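**Q** This structure is in structure tokens; I'll ask about it shortly.
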Amino acid sequence: MSDVLLWAVAALWGATAGVLLPRAAYRFAVPEGEEWRDRCPRGHALRGWLGPARCDRCPRGDADAPEASSTPSVPLLAAATALTCAALAAATGTRPELAVWLLLAPVGVLLAVVDFRVRRLPDPLTLPLAVAALALLGPAALLPEHAGHWPTALYGALALGAGYYLLYLVNPAGMGFGDVKLAVGMGAVLGWYGWSTVLLGSFAGFLFGALYGGALVVARRAGRKTAIPFGPFLMAGAFTGLLIGAYAA
């Protein structure tokens, strides 16, 4: 398969997956302590987790419809997931671990959207993401032409999870326990390409978070002690490390 065709297929997969994310984003985007949404603002029951956020019983253009205020647009989610998948394909090539990255990428995009909106990383997403990363990388390690190491993926998951847990214990106001659970999955994907990739991805995540927080302070939209959702930056750092690790492998 040519590189351009591979990128196009990955982007198409990402766009298709992104189109299915709005309903999950709407249902998961609730403040800490609240149950996941199961109804639209007008009280109609929402069934399933994939597909458009729009309630089938609400008229199109309704100001109270879920997609009107609580969910990013379908084109935005589709574009973000498509670009993420295309970048992963460009860095990884046809190696077997690409299939794992493409399966996990939509979940990462969904987590970033939810955390940015309500500063919450849902357990039904973070915990299965970590398990799926290790479970899927196991068979990938048995296929020819793979470029990673499964035991290091496991150790990376444990190490990054433990590191974030220590940060949580030191400063629970600045580091949520959801970040700790997410770090386990991110440590697994980074560890696949070795410890240098784990360190690079971890550093990039803190750098991106610091730059974002600094920009908010400069723009006077936040103070020095204002809490920000760190999950998107943890994943952005892991994504950066993964791209560099895959390209260099």
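Ordering of the structure tokens sets the chain letters (A, B, ...); residue numbers start at 1 within each chain; ligands are numbered from 1 in the order shown.
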Quick check for you: according to DSSP on this backbone, which residues of stretch 8-77 of chain A are classed as helix (DSSP H, G or I)? Reply as a list in words.
**A** Ala8, Val9, Ala10, Ala11, Leu12, Trp13, Gly14, Ala15, Thr16, Ala17, Gly18, Val19, Pro22, Arg23, Ala24, Ala25, Tyr26, Arg27, Phe28, Pro66, Glu67, Ala68, Ser69, Val74, Pro75, Leu76 and Leu77 of chain A
**Q** I want to know what sits within 8 Å of A:Ala147, based on only C-alpha atoms, with residues of the same chain fewer than 3 positions away left out; could you give that as a ChimeraX atom specification?
**A** /A:95,97,193,246,249
**Q** Could you give me, as a CSV table (one decimal) with N, CA and C atoms, in the first residue's frame, the residues within 9 Å of A:Val114, counting only C-alpha atoms and dropping anything in the same chain fewer than 3 positions from it?
**A**
chain,number,residue,atom,x,y,z
A,25,ALA,N,-19.9,12.3,23.6
A,25,ALA,CA,-19.4,13.6,24.2
A,25,ALA,C,-20.5,14.3,25.0
A,26,TYR,N,-21.7,14.3,24.5
A,26,TYR,CA,-22.8,15.0,25.2
A,26,TYR,C,-23.1,14.3,26.5
A,28,PHE,N,-21.3,12.1,28.3
A,28,PHE,CA,-20.2,12.1,29.3
A,28,PHE,C,-19.9,13.5,29.9
A,29,ALA,N,-20.2,14.5,29.2
A,29,ALA,CA,-19.8,15.9,29.6
A,29,ALA,C,-20.7,16.4,30.7
A,30,VAL,N,-20.6,15.8,31.9
A,30,VAL,CA,-21.4,16.3,33.0
A,30,VAL,C,-20.4,16.5,34.2
A,109,VAL,N,-9.6,11.4,21.5
A,109,VAL,CA,-10.2,12.6,21.1
A,109,VAL,C,-11.4,12.8,22.0
A,110,LEU,N,-12.2,11.8,22.2
A,110,LEU,CA,-13.4,11.9,23.1
A,110,LEU,C,-13.1,12.3,24.5
A,111,LEU,N,-12.0,11.8,25.1
A,111,LEU,CA,-11.6,12.1,26.4
A,111,LEU,C,-11.1,13.6,26.5
A,117,ARG,N,-14.4,20.3,28.5
A,117,ARG,CA,-15.7,20.9,28.8
A,117,ARG,C,-16.0,20.9,30.3
A,118,VAL,N,-15.7,19.8,31.0
A,118,VAL,CA,-16.2,19.7,32.3
A,118,VAL,C,-15.1,19.2,33.3
A,119,ARG,N,-13.9,19.2,32.9
A,119,ARG,CA,-12.7,18.8,33.7
A,119,ARG,C,-13.0,17.5,34.4
A,120,ARG,N,-13.4,16.5,33.6
A,120,ARG,CA,-13.7,15.2,34.1
A,120,ARG,C,-13.2,14.1,33.1
A,121,LEU,N,-12.5,13.1,33.5
A,121,LEU,CA,-12.1,12.0,32.7
A,121,LEU,C,-12.8,10.8,33.1
A,122,PRO,N,-13.9,10.4,32.4
A,122,PRO,CA,-14.8,9.3,32.8
A,122,PRO,C,-14.0,7.9,32.9
**Q** Ranking A:Ala17, A:Leu160, A:Leu169, A:Ala133 by minimum distance to A:Pro106 and counting only C-alpha atoms, which one comes first?
**A**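 Distance minimum relative to A:Pro106 lands on A:Ala17.
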**Q** Taking only C-alpha atoms into account, name the residue in A:Trp101, A:Trp13, A:Tyr212, A:Phe239 that is nearest to A:Thr197.
**A**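 For A:Thr197, the nearest of the candidates is A:Phe239.
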**Q** With a distance cut-off of 12 Å and only C-alpha atoms, select the neighbouring residues of A:Gly178, excluding the residue or stretch itself and same-chain residues fewer than 4 positions from it, and output the selection as a list in words.
**A** Glu32, Leu111, Val114, Asp115, Arg119, Arg120, Leu121, Pro122, Asp123, Pro124, Leu125, Thr126, Leu127, Gly161, Tyr164, Tyr165, Tyr168, Pro172, Gly174, Leu182, Ala183, Val184, Gly185, Pro229, Phe230, Gly231, Pro232 and Leu234 of chain A
**Q** Nearest to A:Ala45: which of A:Val218, A:Gly33, A:Arg27, A:Thr92 is it, counting only C-alpha atoms?
**A** A:Arg27
**Q** Would you mind reading off the distance between atom CA of A:Leu154 and atom CA of A:Leu134, one decimal, in Å?
**A** 6.8 Å
**Q** Near A:Leu77, counting only C-alpha atoms, which residues have an atom at most 9 Å away, once you skip same-chain residues fewer than 4 positions from it, shown as a ChimeraX atom specification?
**A** /A:15,17-22,72-73,81-82,109-110,113
**Q** Restricting the output to N, CA and C atoms, write the selected residues as a PDB file, in the first residue's frame.
**A**
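The new file selection_38.pdb reads:
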ATOM      1  N   ALA A  15     -12.290  10.083  10.334  1.00  0.00           N
ATOM      2  CA  ALA A  15     -13.472  10.908  10.095  1.00  0.00           C
ATOM      3  C   ALA A  15     -14.749  10.138  10.408  1.00  0.00           C
ATOM      4  N   ALA A  17     -15.085   7.581  12.484  1.00  0.00           N
ATOM      5  CA  ALA A  17     -15.185   7.420  13.938  1.00  0.00           C
ATOM      6  C   ALA A  17     -15.586   8.730  14.601  1.00  0.00           C
ATOM      7  N   GLY A  18     -15.031   9.856  14.112  1.00  0.00           N
ATOM      8  CA  GLY A  18     -15.351  11.150  14.694  1.00  0.00           C
ATOM      9  C   GLY A  18     -16.816  11.511  14.562  1.00  0.00           C
ATOM     10  N   VAL A  19     -17.428  11.108  13.466  1.00  0.00           N
ATOM     11  CA  VAL A  19     -18.861  11.382  13.259  1.00  0.00           C
ATOM     12  C   VAL A  19     -19.701  10.676  14.320  1.00  0.00           C
ATOM     13  N   LEU A  20     -19.193   9.582  14.876  1.00  0.00           N
ATOM     14  CA  LEU A  20     -19.951   8.804  15.855  1.00  0.00           C
ATOM     15  C   LEU A  20     -19.750   9.267  17.294  1.00  0.00           C
ATOM     16  N   LEU A  21     -18.874  10.254  17.520  1.00  0.00           N
ATOM     17  CA  LEU A  21     -18.527  10.654  18.880  1.00  0.00           C
ATOM     18  C   LEU A  21     -19.465  11.670  19.546  1.00  0.00           C
ATOM     19  N   PRO A  22     -20.197  12.515  18.808  1.00  0.00           N
ATOM     20  CA  PRO A  22     -20.951  13.586  19.487  1.00  0.00           C
ATOM     21  C   PRO A  22     -21.906  13.127  20.584  1.00  0.00           C
ATOM     22  N   PRO A  72     -19.378  19.641  20.784  1.00  0.00           N
ATOM     23  CA  PRO A  72     -18.709  20.200  19.608  1.00  0.00           C
ATOM     24  C   PRO A  72     -19.377  19.708  18.339  1.00  0.00           C
ATOM     25  N   SER A  73     -19.206  20.445  17.280  1.00  0.00           N
ATOM     26  CA  SER A  73     -19.862  20.105  16.032  1.00  0.00           C
ATOM     27  C   SER A  73     -19.316  18.801  15.472  1.00  0.00           C
ATOM     28  N   THR A  81     -10.358  13.911  14.601  1.00  0.00           N
ATOM     29  CA  THR A  81     -10.028  12.484  14.623  1.00  0.00           C
ATOM     30  C   THR A  81      -9.347  12.063  13.333  1.00  0.00           C
ATOM     31  N   ALA A  82      -9.781  12.614  12.208  1.00  0.00           N
ATOM     32  CA  ALA A  82      -9.159  12.277  10.930  1.00  0.00           C
ATOM     33  C   ALA A  82      -7.705  12.725  10.888  1.00  0.00           C
ATOM     34  N   VAL A 109      -9.559  11.353  21.520  1.00  0.00           N
ATOM     35  CA  VAL A 109     -10.226  12.593  21.120  1.00  0.00           C
ATOM     36  C   VAL A 109     -11.448  12.837  21.992  1.00  0.00           C
ATOM     37  N   LEU A 110     -12.232  11.795  22.234  1.00  0.00           N
ATOM     38  CA  LEU A 110     -13.424  11.922  23.077  1.00  0.00           C
ATOM     39  C   LEU A 110     -13.054  12.347  24.493  1.00  0.00           C
ATOM     40  N   VAL A 113     -12.136  16.073  24.597  1.00  0.00           N
ATOM     41  CA  VAL A 113     -13.319  16.938  24.492  1.00  0.00           C
ATOM     42  C   VAL A 113     -14.047  17.015  25.831  1.00  0.00           C
TER      43      VAL A 113
END
**Q** Under the rule that only C-alpha atoms are counted, which of A:Leu46, A:Cys58, A:Leu243, A:Ala204 is the nearest residue to A:Leu88?
**A**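 Using only C-alpha atoms, A:Leu88 sits closest to A:Leu243.
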**Q** So, with only C-alpha atoms as the atoms that count, which of A:Phe206, A:Gly237, A:Ala105, A:Glu34 lies closest to A:Ala87?
**A**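 With only C-alpha atoms as the atom set, the closest residue is A:Ala105.
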